Structures are given as C-alpha cells and as structure tokens.
Amino acid sequence: MDRLVNTALTAMRGAMARQSAIANNLANVNTVGFRGDIANAEARWIKGATFDTRAQATEQVIAADMAQGAITARGDPLDVAVDGDAMLAVQATDGSEAYTRRGDLKLTESGLLTTGDGLPVLGEGGPITLPELDSVSIAQDGSIWGVPKGG
C-alpha cells in the first residue's frame with residue numbers, strides 16, 4: 001500500500017474516533033451524572049533518513065469533563081448534587097468499589113441506599129443501610145440525618 005494513503009488513513013481514523021466521542025457525548029447529554037469525553041488529536045511526525053515530510057494523526061480520549069452539569073431539582077430529599085470533582089463510592093455488580101456522580105439516590109424496601117440504577121452506595125463500613133424513617137435528609141458534607149419511624 002502506498003505510504004501516503006496509509007498516512008491519510010490515520011487521519012480518517014482520528015476523525016472517526018473524534019466523531020464517535022462527540023456522538024457518545026450527545027447521546028448521553030440527558031443521562032443523570034454523565035461526564036462527557038474529552039478527545040485530543042495530535043500529529044506524530046514520521047522520522048526518516050531525510051526530511052520529516054509526513055505526519056500521522058493520533059486521536060485519543062484523554063479525560064472526562066468533570067465540570068458541573070445542569071442540576072434538575074425534583075424535590076426528593078435523597079437527591080444529591082456532587083460538588084467539584086468529587087464522586088460517590090458505589091458497589092459495582094462484580095462486588096468491587098466503583099465511582100459515580102449519579103445523585104438520584106433511592107431507598108430499597110430493606111433500607112439499602114442505592115443510586116438510580118440500583119448500585120448500593122458505600123459508606124466507611126460498606127453499603128449504607130438505613131432503618132425505617134419518617135423523614136431523611138443528606139447534609140452538604142454527606143452525613144445522613146433521619147427521624148425514626150414514630151419519633
């Protein structure tokens with residue numbers, strides 16, 4: 001294959017990767033807690049015996065956009081908005097610790113605090129379980145306050 005065609009192919013692959021990142025960001029714009037991908041492109045010069053006349057394009061996702069998105073107030077006392085670049089620790093489906101910015105928290109019937117997609121929220125001693133409460137609120141520092149049933 002001609003070397004010039006190969007060099008042009010790398011530019012097309014980079015454009016496709018950038019387009020894929022943009023499409024993913026647009027598709028998930030209304031997903032709770034979604035962080036958009038930040039893609040970076042750069043030229044890598046091909047070293048040769050003479051002048052460096054050709055460059056290959058490289059495109060890669062380098063980070064997630066951690067800027068705060070729009071906050072939609074639903075009036076639920078368990079909804080939280082994570083400030084800055086902080087994250088909530090959750091238990092992944094394989095049992096390992098994972099992190100999310102999804103703040104639409106819920107209580108299961110057994111009192112387990114979960115994210116909107118059902119992952120248990122982790123505290124210092126493991127998954128957070130609350131007793132039956134008449135009312136509950138989450139303070140800005142992350143502490144959970146509640147009034148016991150009938151209290």
# chains A, B, ... in the order shown; residues from 1 in each chain; ligands from 1
>>> select_by_dssp(residues="chain A", states="alpha helix (DSSP H)", output="PyMOL selection string")
chain A and resi 3-27
>>> write_last_selection(atoms="C-alpha atoms", output="CSV table (one decimal), in the first residue's frame")
chain,number,residue,atom,x,y,z
A,3,ARG,CA,2.7,5.2,2.3
A,4,LEU,CA,0.7,8.4,1.5
A,5,VAL,CA,-2.6,6.5,1.5
A,6,ASN,CA,-1.6,4.9,4.9
A,7,THR,CA,-0.9,8.4,6.3
A,8,ALA,CA,-4.3,9.7,5.1
A,9,LEU,CA,-5.9,6.6,6.7
A,10,THR,CA,-4.6,7.5,10.1
A,11,ALA,CA,-6.2,11.0,9.7
A,12,MET,CA,-9.6,9.4,8.8
A,13,ARG,CA,-9.3,7.0,11.8
A,14,GLY,CA,-8.7,10.0,14.1
A,15,ALA,CA,-11.7,11.8,12.6
A,16,MET,CA,-13.9,8.7,13.2
A,17,ALA,CA,-12.7,8.5,16.9
A,18,ARG,CA,-13.4,12.2,17.4
A,19,GLN,CA,-16.9,11.8,15.8
A,20,SER,CA,-17.5,8.7,18.0
A,21,ALA,CA,-16.7,10.7,21.2
A,22,ILE,CA,-18.9,13.6,20.1
A,23,ALA,CA,-21.8,11.2,19.3
A,24,ASN,CA,-21.5,9.5,22.6
A,25,ASN,CA,-21.5,12.9,24.4
A,26,LEU,CA,-24.6,14.0,22.5
A,27,ALA,CA,-26.4,10.7,23.1
>>> residues_around(residues="segment 142-145 of chain A", least_positions_apart="3", cutoff="10 Å", atoms="only C-alpha atoms", output="PDB file with N, CA and C atoms, in the first residue's frame")
ATOM      1  N   LEU A  78     -33.569  12.654  48.906  1.00  0.00           N
ATOM      2  CA  LEU A  78     -32.399  11.809  48.698  1.00  0.00           C
ATOM      3  C   LEU A  78     -31.577  12.205  47.475  1.00  0.00           C
ATOM      4  N   VAL A  80     -28.923  14.197  45.496  1.00  0.00           N
ATOM      5  CA  VAL A  80     -27.729  14.985  45.829  1.00  0.00           C
ATOM      6  C   VAL A  80     -27.062  15.447  44.549  1.00  0.00           C
ATOM      7  N   VAL A  82     -23.288  16.323  43.368  1.00  0.00           N
ATOM      8  CA  VAL A  82     -21.904  16.180  43.795  1.00  0.00           C
ATOM      9  C   VAL A  82     -21.125  17.407  43.342  1.00  0.00           C
ATOM     10  N   LEU A  88     -19.305   9.676  44.244  1.00  0.00           N
ATOM     11  CA  LEU A  88     -19.887   8.770  45.225  1.00  0.00           C
ATOM     12  C   LEU A  88     -19.283   7.387  45.028  1.00  0.00           C
ATOM     13  N   GLY A 123     -20.525   3.462  52.308  1.00  0.00           N
ATOM     14  CA  GLY A 123     -20.063   4.352  53.361  1.00  0.00           C
ATOM     15  C   GLY A 123     -18.712   3.854  53.843  1.00  0.00           C
ATOM     16  N   ILE A 128     -24.527   1.330  52.628  1.00  0.00           N
ATOM     17  CA  ILE A 128     -25.300   2.089  53.621  1.00  0.00           C
ATOM     18  C   ILE A 128     -26.712   1.535  53.699  1.00  0.00           C
ATOM     19  N   LEU A 130     -30.275   1.996  56.007  1.00  0.00           N
ATOM     20  CA  LEU A 130     -30.958   2.876  56.949  1.00  0.00           C
ATOM     21  C   LEU A 130     -32.175   2.164  57.537  1.00  0.00           C
ATOM     22  N   LEU A 133     -37.558   5.245  58.440  1.00  0.00           N
ATOM     23  CA  LEU A 133     -37.512   6.647  58.849  1.00  0.00           C
ATOM     24  C   LEU A 133     -38.768   7.371  58.374  1.00  0.00           C
ATOM     25  N   SER A 135     -38.602  10.751  58.015  1.00  0.00           N
ATOM     26  CA  SER A 135     -38.003  11.709  57.087  1.00  0.00           C
ATOM     27  C   SER A 135     -36.491  11.505  57.085  1.00  0.00           C
ATOM     28  N   VAL A 136     -35.889  11.853  55.961  1.00  0.00           N
ATOM     29  CA  VAL A 136     -34.451  11.690  55.799  1.00  0.00           C
ATOM     30  C   VAL A 136     -33.917  12.878  55.013  1.00  0.00           C
ATOM     31  N   SER A 137     -32.679  13.287  55.329  1.00  0.00           N
ATOM     32  CA  SER A 137     -32.023  14.339  54.553  1.00  0.00           C
ATOM     33  C   SER A 137     -30.524  14.055  54.531  1.00  0.00           C
ATOM     34  N   ILE A 138     -29.889  14.543  53.486  1.00  0.00           N
ATOM     35  CA  ILE A 138     -28.442  14.368  53.338  1.00  0.00           C
ATOM     36  C   ILE A 138     -27.804  15.751  53.397  1.00  0.00           C
ATOM     37  N   ALA A 139     -26.894  15.938  54.363  1.00  0.00           N
ATOM     38  CA  ALA A 139     -26.231  17.225  54.558  1.00  0.00           C
ATOM     39  C   ALA A 139     -25.179  17.446  53.479  1.00  0.00           C
ATOM     40  N   PRO A 148     -36.534   8.768  63.133  1.00  0.00           N
ATOM     41  CA  PRO A 148     -37.020   7.392  63.186  1.00  0.00           C
ATOM     42  C   PRO A 148     -38.550   7.326  63.069  1.00  0.00           C
TER      43      PRO A 148
END
>>> closest_residue(among="A:Pro131, A:Gly103, A:Gly125, A:Gly95", to="Ala81 of chain A", atoms="only C-alpha atoms")
A:Gly103
>>> atom_distance(atom1="atom CA of Ala39 of chain A", atom2="atom CA of Asp85 of chain A")
18.7 Å
>>> closest_residue(among="A:Thr31, A:Thr108, A:Thr100, A:Gln91", to="Leu122 of chain A", atoms="only C-alpha atoms")
A:Gln91
>>> residues_around(residues="Asp117 of chain A", least_positions_apart="5", cutoff="9 Å", atoms="only C-alpha atoms", output="VMD selection string")
chain A and resid 102 104 to 105
>>> select_by_dssp(residues="chain A", states="strand (DSSP E)", output="NGL selection string")
:A and (37-45 or 55-64 or 88-91 or 97-100 or 106-107 or 113-114 or 122-123 or 126-127 or 133-138 or 144-148)
>>> write_last_selection(atoms="C-alpha atoms", output="PDB file, in the first residue's frame")
ATOM      1  CA  ASP A  37     -15.390  12.524  26.920  1.00  0.00           C
ATOM      2  CA  ILE A  38     -12.617  14.974  26.053  1.00  0.00           C
ATOM      3  CA  ALA A  39     -10.766  13.875  22.922  1.00  0.00           C
ATOM      4  CA  ASN A  40      -7.328  15.081  21.867  1.00  0.00           C
ATOM      5  CA  ALA A  41      -5.714  14.933  18.423  1.00  0.00           C
ATOM      6  CA  GLU A  42      -2.084  15.468  17.599  1.00  0.00           C
ATOM      7  CA  ALA A  43       0.312  14.935  14.725  1.00  0.00           C
ATOM      8  CA  ARG A  44       3.148  12.451  15.062  1.00  0.00           C
ATOM      9  CA  TRP A  45       5.908  13.092  12.578  1.00  0.00           C
ATOM     10  CA  ALA A  55       2.760  13.070   9.862  1.00  0.00           C
ATOM     11  CA  GLN A  56       0.267  10.553  11.164  1.00  0.00           C
ATOM     12  CA  ALA A  57      -2.739  11.793  13.118  1.00  0.00           C
ATOM     13  CA  THR A  58      -3.460  10.253  16.511  1.00  0.00           C
ATOM     14  CA  GLU A  59      -6.738  10.726  18.334  1.00  0.00           C
ATOM     15  CA  GLN A  60      -7.499   9.549  21.844  1.00  0.00           C
ATOM     16  CA  VAL A  61      -9.905  10.217  24.680  1.00  0.00           C
ATOM     17  CA  ILE A  62      -7.732  11.776  27.365  1.00  0.00           C
ATOM     18  CA  ALA A  63     -10.197  12.531  30.163  1.00  0.00           C
ATOM     19  CA  ALA A  64     -13.770  13.079  31.225  1.00  0.00           C
ATOM     20  CA  LEU A  88     -19.887   8.770  45.225  1.00  0.00           C
ATOM     21  CA  ALA A  89     -18.459   5.349  46.048  1.00  0.00           C
ATOM     22  CA  VAL A  90     -20.750   2.513  44.966  1.00  0.00           C
ATOM     23  CA  GLN A  91     -20.560  -1.268  44.891  1.00  0.00           C
ATOM     24  CA  GLU A  97     -15.742  -0.495  44.506  1.00  0.00           C
ATOM     25  CA  ALA A  98     -16.681   1.888  41.702  1.00  0.00           C
ATOM     26  CA  TYR A  99     -17.347   5.625  41.483  1.00  0.00           C
ATOM     27  CA  THR A 100     -20.222   7.641  40.061  1.00  0.00           C
ATOM     28  CA  LYS A 106     -33.215   5.777  46.424  1.00  0.00           C
ATOM     29  CA  LEU A 107     -34.010   3.552  49.391  1.00  0.00           C
ATOM     30  CA  LEU A 113     -29.324   3.256  49.845  1.00  0.00           C
ATOM     31  CA  THR A 114     -28.797   2.866  46.072  1.00  0.00           C
ATOM     32  CA  LEU A 122     -20.853   2.700  50.052  1.00  0.00           C
ATOM     33  CA  GLY A 123     -20.063   4.352  53.361  1.00  0.00           C
ATOM     34  CA  GLY A 126     -19.655  -0.887  53.412  1.00  0.00           C
ATOM     35  CA  PRO A 127     -23.101  -0.472  51.839  1.00  0.00           C
ATOM     36  CA  LEU A 133     -37.512   6.647  58.849  1.00  0.00           C
ATOM     37  CA  ASP A 134     -40.316   9.207  58.775  1.00  0.00           C
ATOM     38  CA  SER A 135     -38.003  11.709  57.087  1.00  0.00           C
ATOM     39  CA  VAL A 136     -34.451  11.690  55.799  1.00  0.00           C
ATOM     40  CA  SER A 137     -32.023  14.339  54.553  1.00  0.00           C
ATOM     41  CA  ILE A 138     -28.442  14.368  53.338  1.00  0.00           C
ATOM     42  CA  ILE A 144     -27.316  11.340  56.560  1.00  0.00           C
ATOM     43  CA  TRP A 145     -29.909  12.594  59.038  1.00  0.00           C
ATOM     44  CA  GLY A 146     -33.240  10.972  59.711  1.00  0.00           C
ATOM     45  CA  VAL A 147     -36.223  10.947  62.045  1.00  0.00           C
ATOM     46  CA  PRO A 148     -37.020   7.392  63.186  1.00  0.00           C
TER      47      PRO A 148
END
>>> atom_distance(atom1="atom CA of Gly118 of chain A", atom2="atom CA of Arg35 of chain A")
18.9 Å
